[in-house]
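For reference, model-v1.cif is printed below; it contains mmCIF, C-alpha atoms and all ligand atoms.
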data_entry
#
loop_
_atom_site.label_atom_id
_atom_site.label_comp_id
_atom_site.auth_asym_id
_atom_site.auth_seq_id
_atom_site.Cartn_x
_atom_site.Cartn_y
_atom_site.Cartn_z
CA MET F 1 7.36 -32.11 -15.62
CA LYS F 2 10.30 -34.52 -16.06
CA ASN F 3 13.74 -33.43 -17.15
CA ARG F 4 13.17 -29.73 -16.88
CA SER F 5 16.78 -28.66 -17.14
CA LEU F 6 18.14 -25.56 -15.53
CA ALA F 7 19.10 -24.37 -18.99
CA SER F 8 15.54 -24.21 -20.20
CA VAL F 9 14.50 -22.24 -17.13
CA ALA F 10 17.44 -19.87 -17.35
CA ALA F 11 16.89 -19.27 -21.03
CA LEU F 12 13.99 -16.99 -20.30
CA SER F 13 14.66 -13.59 -21.66
CA ILE F 14 13.64 -11.29 -18.82
CA ALA F 15 15.79 -9.94 -16.07
CA ALA F 16 14.67 -12.30 -13.33
CA VAL F 17 17.54 -13.80 -11.43
CA MET F 18 17.43 -17.52 -10.91
CA ALA F 19 18.74 -18.86 -7.67
CA ALA F 20 18.31 -22.59 -7.74
CA HIS F 21 19.05 -24.07 -4.36
CA GLY F 22 21.38 -26.78 -5.49
CA PRO F 23 21.75 -28.21 -8.99
CA ALA F 24 18.79 -29.93 -10.60
CA ARG F 25 19.16 -33.65 -10.19
CA ALA F 26 18.09 -35.69 -13.16
CA ALA F 27 16.76 -38.49 -10.96
CA GLY F 28 15.23 -36.57 -8.01
CA PRO F 29 11.90 -34.78 -7.96
CA ASP F 30 11.55 -31.56 -9.97
CA PRO F 31 12.17 -28.45 -7.95
CA LEU F 32 9.14 -26.52 -6.84
CA ARG F 33 9.75 -23.17 -8.50
CA LEU F 34 8.41 -20.22 -6.53
CA CYS F 35 8.22 -16.66 -7.81
CA ALA F 36 9.00 -14.00 -5.22
CA ASP F 37 10.20 -10.45 -4.87
CA PRO F 38 13.89 -10.25 -3.87
CA ASP F 39 13.28 -7.15 -1.75
CA ASN F 40 9.93 -7.18 -0.04
CA LEU F 41 10.40 -7.99 3.63
CA PRO F 42 8.65 -9.14 5.74
CA PHE F 43 7.27 -11.27 2.87
CA SER F 44 10.24 -12.23 0.75
CA SER F 45 13.89 -11.43 0.29
CA GLU F 46 16.87 -12.94 -1.42
CA GLN F 47 18.96 -12.55 1.73
CA ALA F 48 19.53 -16.11 2.84
CA ALA F 49 19.67 -15.09 6.51
CA LYS F 50 16.26 -13.39 6.36
CA PRO F 51 14.19 -14.90 3.58
CA GLY F 52 10.75 -13.65 4.70
CA VAL F 53 7.45 -15.31 5.62
CA TYR F 54 6.41 -16.35 2.11
CA VAL F 55 9.80 -17.80 1.21
CA GLU F 56 9.96 -19.74 4.48
CA ILE F 57 6.43 -21.03 3.94
CA GLY F 58 7.62 -22.11 0.49
CA GLN F 59 10.56 -23.96 2.00
CA ALA F 60 8.26 -25.71 4.47
CA LEU F 61 5.94 -26.67 1.60
CA GLY F 62 8.89 -28.09 -0.33
CA LYS F 63 9.72 -30.28 2.66
CA ALA F 64 6.13 -31.41 3.08
CA LEU F 65 5.93 -32.32 -0.64
CA ASN F 66 9.41 -33.78 -0.66
CA ARG F 67 10.58 -31.48 -3.45
CA PRO F 68 13.55 -29.11 -3.52
CA VAL F 69 12.58 -25.46 -3.82
CA SER F 70 14.05 -23.00 -6.28
CA MET F 71 13.30 -19.30 -6.17
CA VAL F 72 12.66 -17.15 -9.22
CA TRP F 73 13.23 -13.55 -8.17
CA TYR F 74 11.29 -10.78 -9.76
CA ARG F 75 10.50 -7.33 -8.44
CA THR F 76 6.79 -6.78 -7.92
CA ASN F 77 6.71 -2.97 -7.98
CA PHE F 78 4.53 -3.27 -11.05
CA GLY F 79 1.93 -5.47 -9.39
CA LYS F 80 0.09 -7.71 -11.79
CA ARG F 81 2.75 -7.26 -14.40
CA ALA F 82 5.09 -9.27 -12.18
CA VAL F 83 2.68 -12.21 -12.25
CA ARG F 84 2.31 -11.86 -15.99
CA VAL F 85 6.00 -12.02 -16.81
CA THR F 86 6.83 -14.69 -14.27
CA MET F 87 4.16 -17.23 -13.47
CA LEU F 88 1.99 -16.75 -16.54
CA ALA F 89 5.18 -17.03 -18.62
CA LYS F 90 5.75 -20.40 -16.92
CA GLN F 91 8.91 -19.44 -15.12
CA CYS F 92 7.59 -20.66 -11.81
CA ASP F 93 4.96 -23.06 -10.54
CA ALA F 94 3.46 -20.92 -7.80
CA THR F 95 3.48 -17.46 -6.26
CA ILE F 96 2.89 -17.22 -2.53
CA GLY F 97 0.98 -14.19 -1.34
CA LEU F 98 -1.66 -13.37 -3.94
CA PRO F 99 -5.22 -12.30 -3.16
CA PRO F 100 -7.43 -15.37 -3.79
CA ASP F 101 -9.91 -13.34 -5.75
CA SER F 102 -11.30 -14.16 -9.16
CA ASP F 103 -11.08 -10.42 -9.90
CA PHE F 104 -7.32 -10.72 -9.65
CA MET F 105 -6.13 -11.43 -13.19
CA GLY F 106 -9.36 -13.09 -14.19
CA PRO F 107 -9.69 -16.79 -14.85
CA ARG F 108 -6.03 -17.42 -15.55
CA LEU F 109 -5.09 -18.10 -11.95
CA ILE F 110 -6.25 -20.61 -9.38
CA PHE F 111 -5.56 -20.41 -5.67
CA SER F 112 -4.82 -22.49 -2.61
CA LYS F 113 -6.86 -22.16 0.56
CA PRO F 114 -6.08 -18.85 2.29
CA LEU F 115 -2.84 -18.90 4.31
CA PHE F 116 -3.83 -16.07 6.64
CA LYS F 117 -5.28 -12.59 6.53
CA LEU F 118 -3.44 -9.34 5.98
CA GLY F 119 -4.79 -5.99 6.90
CA TYR F 120 -4.60 -2.77 8.80
CA ALA F 121 -3.64 -2.44 12.44
CA ILE F 122 -3.48 0.22 15.10
CA ILE F 123 0.06 0.78 16.33
CA ALA F 124 0.40 2.68 19.57
CA PRO F 125 2.38 2.97 22.80
CA LYS F 126 1.57 0.09 25.14
CA GLU F 127 -0.54 2.28 27.47
CA PHE F 128 -2.84 3.47 24.66
CA GLU F 129 -6.34 2.06 25.18
CA PHE F 130 -8.03 1.20 21.91
CA THR F 131 -11.67 0.14 21.89
CA GLY F 132 -12.76 1.63 18.57
CA VAL F 133 -12.31 4.68 16.37
CA SER F 134 -13.68 6.83 19.19
CA SER F 135 -10.45 6.13 21.12
CA PHE F 136 -8.78 8.45 18.59
CA VAL F 137 -10.89 11.49 19.47
CA GLY F 138 -8.64 14.44 20.30
CA LYS F 139 -5.57 12.49 19.16
CA ARG F 140 -3.15 12.70 16.25
CA VAL F 141 -3.26 9.56 14.15
CA ALA F 142 -0.81 8.68 11.36
CA VAL F 143 -2.61 7.20 8.33
CA GLN F 144 -1.26 6.16 4.93
CA PHE F 145 -2.46 8.36 2.13
CA SER F 146 -5.44 7.05 0.19
CA THR F 147 -6.06 3.95 2.31
CA THR F 148 -9.20 2.88 4.15
CA PRO F 149 -7.80 4.29 7.44
CA HIS F 150 -7.23 7.63 5.69
CA ASN F 151 -10.82 7.60 4.47
CA MET F 152 -12.05 6.83 7.97
CA ILE F 153 -9.92 9.30 9.92
CA GLY F 154 -9.29 12.08 7.38
CA PRO F 155 -12.83 13.47 7.31
CA ARG F 156 -13.24 13.49 11.11
CA GLU F 157 -12.98 16.93 12.59
CA ASP F 158 -12.48 15.54 16.09
CA ILE F 159 -9.38 13.52 15.11
CA THR F 160 -6.18 14.97 13.65
CA SER F 161 -4.88 12.85 10.81
CA VAL F 162 -1.19 12.89 10.06
CA THR F 163 -0.95 11.74 6.45
CA VAL F 164 2.05 9.63 5.52
CA LEU F 165 3.07 7.77 2.39
CA SER F 166 4.39 4.54 3.88
CA PRO F 167 4.35 2.41 7.04
CA GLU F 168 7.99 3.47 7.57
CA GLU F 169 6.99 7.10 7.67
CA GLY F 170 4.02 6.34 9.93
CA MET F 171 6.23 4.53 12.43
CA MET F 172 8.65 7.43 12.33
CA LYS F 173 5.90 9.95 13.17
CA LEU F 174 5.03 7.80 16.15
CA ALA F 175 8.65 7.54 17.28
CA GLU F 176 9.20 11.30 16.85
CA GLY F 177 6.14 12.06 18.97
CA LYS F 178 4.36 13.65 16.00
CA ALA F 179 1.49 11.17 16.24
CA ASP F 180 -0.18 9.58 19.27
CA ALA F 181 -1.09 6.44 17.36
CA ALA F 182 -0.82 5.08 13.84
CA PHE F 183 -3.28 3.17 11.67
CA LEU F 184 -1.14 1.40 9.09
CA TRP F 185 -0.68 -1.75 7.03
CA GLY F 186 -0.17 -4.25 9.85
CA ALA F 187 2.41 -6.59 8.31
CA HIS F 188 4.94 -3.86 7.58
CA ALA F 189 4.29 -1.91 10.75
CA GLY F 190 4.64 -5.10 12.78
CA TYR F 191 7.86 -6.01 11.02
CA LEU F 192 9.30 -2.54 11.65
CA ASN F 193 8.16 -2.66 15.26
CA THR F 194 10.07 -5.93 15.72
CA THR F 195 13.18 -5.05 13.72
CA SER F 196 13.67 -1.29 14.23
CA TYR F 197 11.75 -0.36 17.36
CA GLY F 198 12.51 -3.27 19.67
CA GLY F 199 8.85 -4.23 20.01
CA LYS F 200 8.13 -0.92 21.73
CA TYR F 201 4.59 -0.56 20.37
CA LYS F 202 1.51 -2.70 20.59
CA LEU F 203 -0.37 -3.74 17.49
CA ILE F 204 -4.12 -4.19 17.39
CA SER F 205 -5.53 -5.70 14.22
CA VAL F 206 -8.86 -4.33 13.07
CA ASP F 207 -11.48 -5.77 10.78
CA GLY F 208 -14.26 -4.23 8.76
CA PRO F 209 -14.93 -3.31 5.13
CA GLY F 210 -11.66 -2.63 3.33
CA LEU F 211 -9.50 -3.53 6.31
CA GLN F 212 -8.57 -7.23 5.98
CA TRP F 213 -7.85 -9.50 3.03
CA PRO F 214 -6.89 -13.16 2.79
CA THR F 215 -3.60 -14.08 1.15
CA ALA F 216 -3.08 -17.37 -0.64
CA ILE F 217 -0.84 -19.20 -3.11
CA GLY F 218 -1.57 -18.56 -6.78
CA PHE F 219 -0.99 -21.02 -9.62
CA THR F 220 -1.68 -21.07 -13.32
CA ARG F 221 -4.72 -23.13 -14.31
CA ASP F 222 -2.67 -26.08 -15.51
CA HIS F 223 -1.28 -26.56 -11.98
CA ALA F 224 -4.50 -27.81 -10.37
CA ASP F 225 -2.62 -30.98 -9.32
CA LEU F 226 0.00 -29.07 -7.43
CA ARG F 227 -2.66 -26.84 -5.91
CA ASP F 228 -4.55 -29.86 -4.60
CA LYS F 229 -1.38 -31.37 -3.13
CA ILE F 230 -0.57 -28.11 -1.39
CA ASP F 231 -4.12 -27.71 -0.10
CA ALA F 232 -3.80 -31.19 1.37
CA VAL F 233 -0.66 -30.36 3.38
CA LEU F 234 -1.60 -26.80 4.41
CA PRO F 235 -3.80 -27.70 7.41
CA GLY F 236 -0.85 -29.58 8.95
CA MET F 237 1.30 -26.46 8.57
CA HIS F 238 -0.88 -24.18 10.65
CA ASP F 239 1.54 -23.95 13.58
CA THR F 240 4.56 -23.50 11.31
CA ILE F 241 2.84 -20.60 9.56
CA ALA F 242 1.82 -18.96 12.84
CA ALA F 243 5.40 -19.27 14.12
CA LEU F 244 6.76 -17.68 10.95
CA MET F 245 4.31 -14.80 11.22
CA THR F 246 5.43 -14.17 14.78
CA LYS F 247 9.09 -14.42 13.77
CA TYR F 248 8.61 -11.57 11.28
CA GLY F 249 6.37 -9.48 13.53
CA LEU F 250 3.16 -9.98 11.54
CA PRO F 251 0.09 -9.51 13.72
CA VAL F 252 -1.48 -12.79 14.83
CA ASP F 253 -4.12 -11.35 17.16
CA THR F 254 -7.83 -11.69 16.46
CA PRO F 255 -8.88 -8.44 14.77
CA ILE F 256 -11.27 -6.09 16.58
CA LYS F 257 -14.33 -5.39 14.48
CA LEU F 258 -14.68 -1.64 13.98
CA GLY F 259 -18.29 -0.92 14.71
CA ASP F 260 -18.50 2.79 14.37
CA LEU F 261 -17.96 3.20 10.67
CA ALA F 262 -21.49 4.56 10.56
CA SER F 263 -20.43 7.59 12.55
CA ILE F 264 -18.21 8.86 9.76
CA GLN F 265 -19.41 12.22 8.63
CA ARG F 266 -18.69 14.20 5.50
CA VAL F 267 -16.98 11.32 3.81
CA ARG F 268 -14.50 12.12 1.11
CA VAL F 269 -13.42 8.94 -0.56
CA ALA F 270 -9.95 8.70 -1.96
CA ALA F 271 -9.53 7.18 -5.34
CA VAL F 272 -7.62 3.97 -4.79
CA GLY F 273 -9.22 0.52 -4.63
CA ASP F 274 -11.44 0.80 -1.58
CA LYS F 275 -14.41 -0.71 -3.33
CA ALA F 276 -15.73 -2.46 -0.27
CA PHE F 277 -15.55 0.66 1.80
CA ARG F 278 -17.33 2.77 -0.78
CA PHE F 279 -19.97 0.12 -0.93
CA ALA F 280 -20.50 0.46 2.81
CA GLN F 281 -20.87 4.19 2.49
CA ALA F 282 -23.60 3.92 -0.08
CA ALA F 283 -25.92 3.06 2.77
CA GLN F 284 -25.13 6.31 4.56
CA PRO F 285 -26.59 9.73 3.95
CA ALA F 286 -24.72 11.41 1.11
CA PRO F 287 -22.42 14.23 2.13
CA ALA F 288 -23.44 17.65 0.90
CA ALA F 289 -21.86 17.71 -2.54
CA ALA F 290 -19.57 20.58 -3.38
CA PRO F 291 -20.36 22.25 -6.70
CA PRO F 292 -18.11 20.66 -9.31
CA PRO F 293 -16.32 23.58 -10.92
CA ALA F 294 -14.35 22.42 -13.91
CA ALA F 295 -12.78 25.45 -15.55
CA GLY F 296 -10.18 27.64 -13.90
CA ASP F 297 -12.24 30.81 -13.66
CA LYS F 298 -15.32 29.17 -12.16
CA VAL F 299 -13.10 27.70 -9.48
CA ALA F 300 -11.62 31.09 -8.69
CA ALA F 301 -15.01 32.04 -7.30
CA VAL F 302 -14.63 29.48 -4.47
CA ALA F 303 -13.62 31.09 -1.19
CA ALA F 304 -9.88 30.65 -0.80
CA ASP F 305 -7.91 31.02 2.40
CA PRO F 306 -4.10 30.93 2.14
CA THR F 307 -3.77 29.97 5.82
CA GLU F 308 -5.94 26.90 5.31
CA GLY F 309 -4.07 26.29 2.05
CA LYS F 310 -0.76 26.26 3.86
CA GLU F 311 -2.10 23.70 6.29
CA VAL F 312 -3.33 21.38 3.56
CA PHE F 313 -0.12 21.89 1.64
CA ASN F 314 2.19 21.11 4.53
CA GLY F 315 0.01 18.20 5.65
CA THR F 316 -0.09 16.44 2.30
CA CYS F 317 1.70 18.05 -0.63
CA ALA F 318 4.89 18.81 1.30
CA HIS F 319 5.80 15.10 1.32
CA CYS F 320 6.84 15.51 -2.28
CA HIS F 321 6.93 19.25 -2.91
CA GLY F 322 8.78 20.27 0.26
CA PRO F 323 7.64 22.01 3.47
CA ASP F 324 6.39 25.54 2.72
CA ALA F 325 6.95 24.60 -0.94
CA ILE F 326 10.72 24.87 -0.51
CA GLN F 327 12.08 22.32 -2.92
CA SER F 328 15.47 22.21 -4.58
CA GLU F 329 14.44 19.94 -7.41
CA LYS F 330 13.18 22.36 -10.07
CA LYS F 331 10.67 20.03 -11.70
CA ILE F 332 8.58 19.83 -8.56
CA ASP F 333 9.36 23.27 -7.15
CA LEU F 334 5.89 24.81 -6.99
CA ARG F 335 7.37 28.26 -6.32
CA ARG F 336 8.19 28.36 -10.00
CA LEU F 337 4.63 27.94 -11.30
CA THR F 338 4.35 31.62 -12.31
CA THR F 339 7.73 31.59 -13.96
CA ARG F 340 6.87 28.41 -15.77
CA TYR F 341 3.31 29.05 -16.82
CA GLY F 342 2.60 32.79 -16.41
CA ASP F 343 -1.13 33.43 -16.82
CA ASP F 344 -1.75 29.77 -17.45
CA MET F 345 -0.64 28.84 -13.92
CA GLN F 346 -4.19 28.58 -12.65
CA ASN F 347 -5.31 26.22 -15.38
CA VAL F 348 -2.24 24.03 -15.02
CA PHE F 349 -2.81 23.92 -11.27
CA TRP F 350 -6.43 22.79 -11.53
CA LYS F 351 -5.85 20.25 -14.24
CA THR F 352 -2.85 18.80 -12.41
CA VAL F 353 -4.32 18.65 -8.90
CA HIS F 354 -7.70 17.34 -10.08
CA ASP F 355 -6.49 14.60 -12.37
CA GLY F 356 -2.90 14.18 -11.26
CA ARG F 357 -0.16 12.94 -13.55
CA PRO F 358 -0.27 9.35 -12.42
CA SER F 359 2.48 8.14 -14.72
CA LYS F 360 4.81 10.81 -13.31
CA GLY F 361 4.10 10.19 -9.64
CA MET F 362 1.69 13.08 -9.03
CA PRO F 363 -1.54 11.72 -7.51
CA ALA F 364 -5.04 13.01 -8.36
CA TRP F 365 -6.60 14.97 -5.50
CA LYS F 366 -10.13 15.75 -6.60
CA GLU F 367 -11.60 12.93 -4.52
CA VAL F 368 -9.49 13.81 -1.51
CA PHE F 369 -9.86 17.55 -1.08
CA THR F 370 -12.78 19.83 -1.82
CA ASP F 371 -12.32 22.49 -4.46
CA GLN F 372 -12.50 25.04 -1.69
CA GLN F 373 -9.47 23.42 -0.02
CA LEU F 374 -7.60 23.20 -3.29
CA ALA F 375 -8.41 26.85 -4.06
CA SER F 376 -6.87 27.64 -0.69
CA VAL F 377 -3.75 25.70 -1.63
CA LEU F 378 -3.55 27.71 -4.84
CA ALA F 379 -3.96 30.95 -2.88
CA TYR F 380 -1.16 29.84 -0.59
CA LEU F 381 1.10 28.86 -3.48
CA LYS F 382 0.57 32.30 -5.00
CA THR F 383 2.16 33.78 -1.87
CA ARG F 384 5.18 31.51 -2.36
CA GLN F 385 6.13 32.31 -5.98
CA THR F 386 9.69 33.41 -6.67
CA THR F 387 11.39 34.48 -9.87
CA GLU F 388 14.79 32.97 -9.16
C1 LIG A 1 3.57 11.52 -4.02
C2 LIG A 1 4.23 12.75 -4.37
C3 LIG A 1 3.36 13.97 -4.60
C4 LIG A 1 2.44 14.52 -3.77
C5 LIG A 1 2.01 14.01 -2.39
C6 LIG A 1 1.97 15.71 -4.44
N1 LIG A 1 2.58 15.84 -5.64
FE1 LIG A 1 2.30 17.35 -6.96
N2 LIG A 1 3.64 16.52 -8.21
C7 LIG A 1 4.37 15.40 -7.96
C8 LIG A 1 5.27 15.16 -9.06
C9 LIG A 1 6.28 14.02 -9.16
C10 LIG A 1 5.04 16.18 -10.00
C11 LIG A 1 5.73 16.40 -11.33
C12 LIG A 1 5.02 15.62 -12.42
C13 LIG A 1 5.72 15.81 -13.74
O1 LIG A 1 6.90 15.49 -13.83
O2 LIG A 1 5.04 16.29 -14.66
C14 LIG A 1 4.01 17.02 -9.43
C15 LIG A 1 3.50 18.13 -10.06
C16 LIG A 1 2.62 19.02 -9.49
C17 LIG A 1 2.16 20.25 -10.12
C18 LIG A 1 2.54 20.75 -11.48
C19 LIG A 1 3.93 21.36 -11.42
C20 LIG A 1 4.42 21.85 -12.73
O3 LIG A 1 5.37 22.64 -12.67
O4 LIG A 1 3.91 21.48 -13.79
C21 LIG A 1 1.30 20.85 -9.22
C22 LIG A 1 0.57 22.16 -9.42
C23 LIG A 1 1.24 20.00 -8.06
N3 LIG A 1 2.04 18.90 -8.25
C24 LIG A 1 0.48 20.28 -6.95
C25 LIG A 1 0.38 19.43 -5.86
C26 LIG A 1 -0.50 19.69 -4.73
C27 LIG A 1 -1.35 20.93 -4.56
C28 LIG A 1 -0.36 18.63 -3.90
C29 LIG A 1 -1.10 18.39 -2.60
C30 LIG A 1 -2.54 18.45 -2.62
C31 LIG A 1 0.61 17.73 -4.49
N4 LIG A 1 1.02 18.23 -5.68
C32 LIG A 1 1.02 16.54 -3.91
C33 LIG A 1 4.30 14.61 -6.85
C34 LIG A 1 3.45 14.81 -5.77
#
For this file, produce the structure as structure tokens.
Ligand code: HEC
Amino acid sequence: MKNRSLASVAALSIAAVMAAHGPARAAGPDPLRLCADPDNLPFSSEQAAKPGVYVEIGQALGKALNRPVSMVWYRTNFGKRAVRVTMLAKQCDATIGLPPDSDFMGPRLIFSKPLFKLGYAIIAPKEFEFTGVSSFVGKRVAVQFSTTPHNMIGPREDITSVTVLSPEEGMMKLAEGKADAAFLWGAHAGYLNTTSYGGKYKLISVDGPGLQWPTAIGFTRDHADLRDKIDAVLPGMHDTIAALMTKYGLPVDTPIKLGDLASIQRVRVAAVGDKAFRFAQAAQPAPAAAPPPAAGDKVAAVAADPTEGKEVFNGTCAHCHGPDAIQSEKKIDLRRLTTRYGDDMQNVFWKTVHDGRPSKGMPAWKEVFTDQQLASVLAYLKTRQTTE
């Protein structure tokens, strides 16, 4: 670890930006190099005035270990890839904020003790009484697409779900009066509540399968020493960490356990990573399975209702394809399906909505909507075709 010069660190070939806090001193202790995303508040940011919870925890750790801290910035939009090209490539010693899970990148990483838990929270006006999912009956609830809350609320006929793609959008629905409550990723919603909404809403953390996860510090295997040193100082940092969470609006309340998962009927599970939740459902009576029509013409036999199709479309597809399918960007203008594909429109529709085009940003919907609903969307889209 001695004599690691800035030059050798900076010589790495990827686009990460190094921001060493002060020059490396030959005699002093090596800097603790932390990988972080430059633009991921409330967790991390390269803005010195607002560095984020993980960066400030890192700075506090540096103090406790008597080592200067240097940040290695790398965007994490690509998830595990970020860890691969940064920490596994030895550009940094630790990454704060990884799931301490041996499933996460296999045996190559080791973890500190958990720092705290992250999870979903209910965000609602202060007078909203929340005692469990039943408090949502008759209400409109904003949920992020394809998350555990979406799986819980979406299938309920007695609750109106307002599907959104981000915590930002969920908070906006709440502020615009288009939702009575929101059920979103707590850290981001809490941060937005503090920074953009003046603390107007209350946050209630909830626990249950697929709702809360611990976050920890990840290291490569050869850093067991550093991991042990950090584990030794972490208990003494409890208050510092709690204060930082509060500073950035992260929920610090004790989560309410959601007891009425069992009352979920007609469950349609969305595709993304809700293993634990699916596991919980296995114990419940299976929903009546829709026949699985694969080819276009078999599907055409499913009862289709353009009015229902319009509702599904505007509730979900319109986020990307425009309300009532009005969309100025040609590539995703679904009013041009006939022009584009002629008689093949139906087949293209089914293939695309069932399997999605994940690499192009079009999600797969077969686990989310029944074929009857999707047939209704197709029937609706047929009423919207133009030749312009
Ligand atoms: C998160 C954004 C997003 C959402 C939500 C979304 N789509 Fe898409 N969709 C796309 C993108 C992006 C493409 C274009 C993919 C490409 O470039 O090939 C696309 C393509 C399509 C196509 C093929 C268009 C063509 O001309 O080839 C169909 C059909 C389609 N979407 C239907 C739907 C339906 C129905 C829904 C709702 C159930 C929906 N989409 C929801 C992003 C989205």
Could you please extract the residues within 7 Å of ligand LIG 1 (chain A), counting only C-alpha atoms and all ligand atoms, and hand them back as a list of chain:residue names?
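Going residue by residue within 7 Å of ligand LIG 1 (chain A), we get F:Val312, F:Phe313, F:Thr316, F:Cys317, F:Ala318, F:His319, F:Cys320, F:His321, F:Lys331, F:Ile332, F:Asp333, F:Leu334, F:Arg336, F:Leu337, F:Arg340, F:Val348, F:Phe349, F:Thr352, F:Val353, F:Arg357, F:Lys360, F:Gly361, F:Met362, F:Pro363, F:Trp365, F:Leu374, F:Val377.
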Can you write out as CSV which residues of segment 84-158 of chain F fall within 12 Å of segment 225-231 of chain F, alongside each residue's closest atom pair and its distance in Å to one decimal, counting all atoms listed in the file and ordering rows by chain and ascending residue number?
residue,atom,partner,partner_atom,distance
F:Asp93,CA,F:Leu226,CA,8.4
F:Ala94,CA,F:Arg227,CA,8.7
F:Thr95,CA,F:Arg227,CA,11.2
F:Ile96,CA,F:Ile230,CA,11.5
F:Leu109,CA,F:Arg227,CA,10.9
F:Ile110,CA,F:Arg227,CA,8.0
F:Phe111,CA,F:Arg227,CA,7.1
F:Ser112,CA,F:Asp231,CA,5.8
F:Lys113,CA,F:Asp231,CA,6.2
F:Pro114,CA,F:Asp231,CA,9.4
F:Leu115,CA,F:Asp231,CA,9.9
May I have the residues within 10 Å of Asn40 of chain F as an mmCIF file with C-alpha atoms, in the frame of the given file, using only C-alpha atoms and disregarding those fewer than 3 positions away in the same chain?
data_model
loop_
_atom_site.group_PDB
_atom_site.id
_atom_site.type_symbol
_atom_site.label_atom_id
_atom_site.label_comp_id
_atom_site.auth_asym_id
_atom_site.auth_seq_id
_atom_site.Cartn_x
_atom_site.Cartn_y
_atom_site.Cartn_z
ATOM 1 C CA ALA F 36 9.000 -14.000 -5.220
ATOM 2 C CA ASP F 37 10.200 -10.450 -4.870
ATOM 3 C CA PHE F 43 7.270 -11.270 2.870
ATOM 4 C CA SER F 44 10.240 -12.230 0.750
ATOM 5 C CA SER F 45 13.890 -11.430 0.290
ATOM 6 C CA GLU F 46 16.870 -12.940 -1.420
ATOM 7 C CA PRO F 51 14.190 -14.900 3.580
ATOM 8 C CA GLY F 52 10.750 -13.650 4.700
ATOM 9 C CA ARG F 75 10.500 -7.330 -8.440
ATOM 10 C CA THR F 76 6.790 -6.780 -7.920
ATOM 11 C CA ASN F 77 6.710 -2.970 -7.980
ATOM 12 C CA HIS F 188 4.940 -3.860 7.580
#
For a quick check of understanding, using only C-alpha atoms, which of F:Ser70, F:Asn193, F:Pro107, F:Leu98 has the smallest distance to Ala124 of chain F?
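Of all the options, F:Asn193 lies closest to Ala124 of chain F.
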Report as a ChimeraX atom specification all protein, DNA and RNA residues lying within 9 Å of Thr338 of chain F, evaluated on only C-alpha atoms, omitting residues in the same chain fewer than 4 positions from it.
/F:334,342-345,382,385-387
Nearest residue to Gln144 of chain F out of F:Lys173, F:Lys257, F:Arg33, F:Lys247, using only C-alpha atoms?
F:Lys173
Pick out the residues sitting within 10 Å of Gln59 of chain F, and hand them over as a ChimeraX atom specification; count all atoms listed in the file, and ignore anything fewer than 5 positions along from it in its own chain.
/F:32,34,51,53-54,64-65,67-71
Could you work out how far atom CA of Ser135 of chain F lies from atom CA of Asp158 of chain F, giving the answer in Å with one decimal?
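Between these atoms lies a distance of 10.9 Å.
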Figure out the distance between atom CA of Leu378 of chain F and atom CA of Gly315 of chain F, please, to one decimal in Å.
14.6 Å
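Atom pair atom CA of Glu329 of chain F / atom CA of Ser166 of chain F has a distance of 21.6 Å (rounded to one decimal).
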Residue list as an mmCIF file with C-alpha atoms, keeping the file's coordinate frame for point (17.3, 27.1, -8.9), cut-off 7 Å, all atoms listed in the file:
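What landed in point_7.cif:
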data_model
loop_
_atom_site.group_PDB
_atom_site.id
_atom_site.type_symbol
_atom_site.label_atom_id
_atom_site.label_comp_id
_atom_site.auth_asym_id
_atom_site.auth_seq_id
_atom_site.Cartn_x
_atom_site.Cartn_y
_atom_site.Cartn_z
ATOM 1 C CA SER F 328 15.470 22.210 -4.580
ATOM 2 C CA LYS F 330 13.180 22.360 -10.070
ATOM 3 C CA GLU F 388 14.790 32.970 -9.160
#
Name the closest residue to Lys126 of chain F among the candidates F:Ala142, F:Met245, F:Ile204, F:Ile256; distances are taken between atoms, counting only C-alpha atoms.
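The closest residue to Lys126 of chain F is F:Ile204.
Of the residues listed (F:Val164, F:Ala325, F:Val133, F:Ile123), F:Ala325 shows the shortest atom-to-atom separation from Tyr380 of chain F; distances use all atoms listed in the file.
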As AutoDock Vina command-line options, what would the box around segment 305-308 of chain F look like: edges along x, y and z, 4 Å added on every side, centre and edge lengths in Å to one decimal?
--center_x -5.8 --center_y 29.0 --center_z 4.0 --size_x 12.1 --size_y 12.1 --size_z 11.7
Met237 of chain F surroundings by only C-alpha atoms, 9 Å radius, close-in-sequence under 6 positions cut, as number ranges by chain
F: 57, 60-61, 64
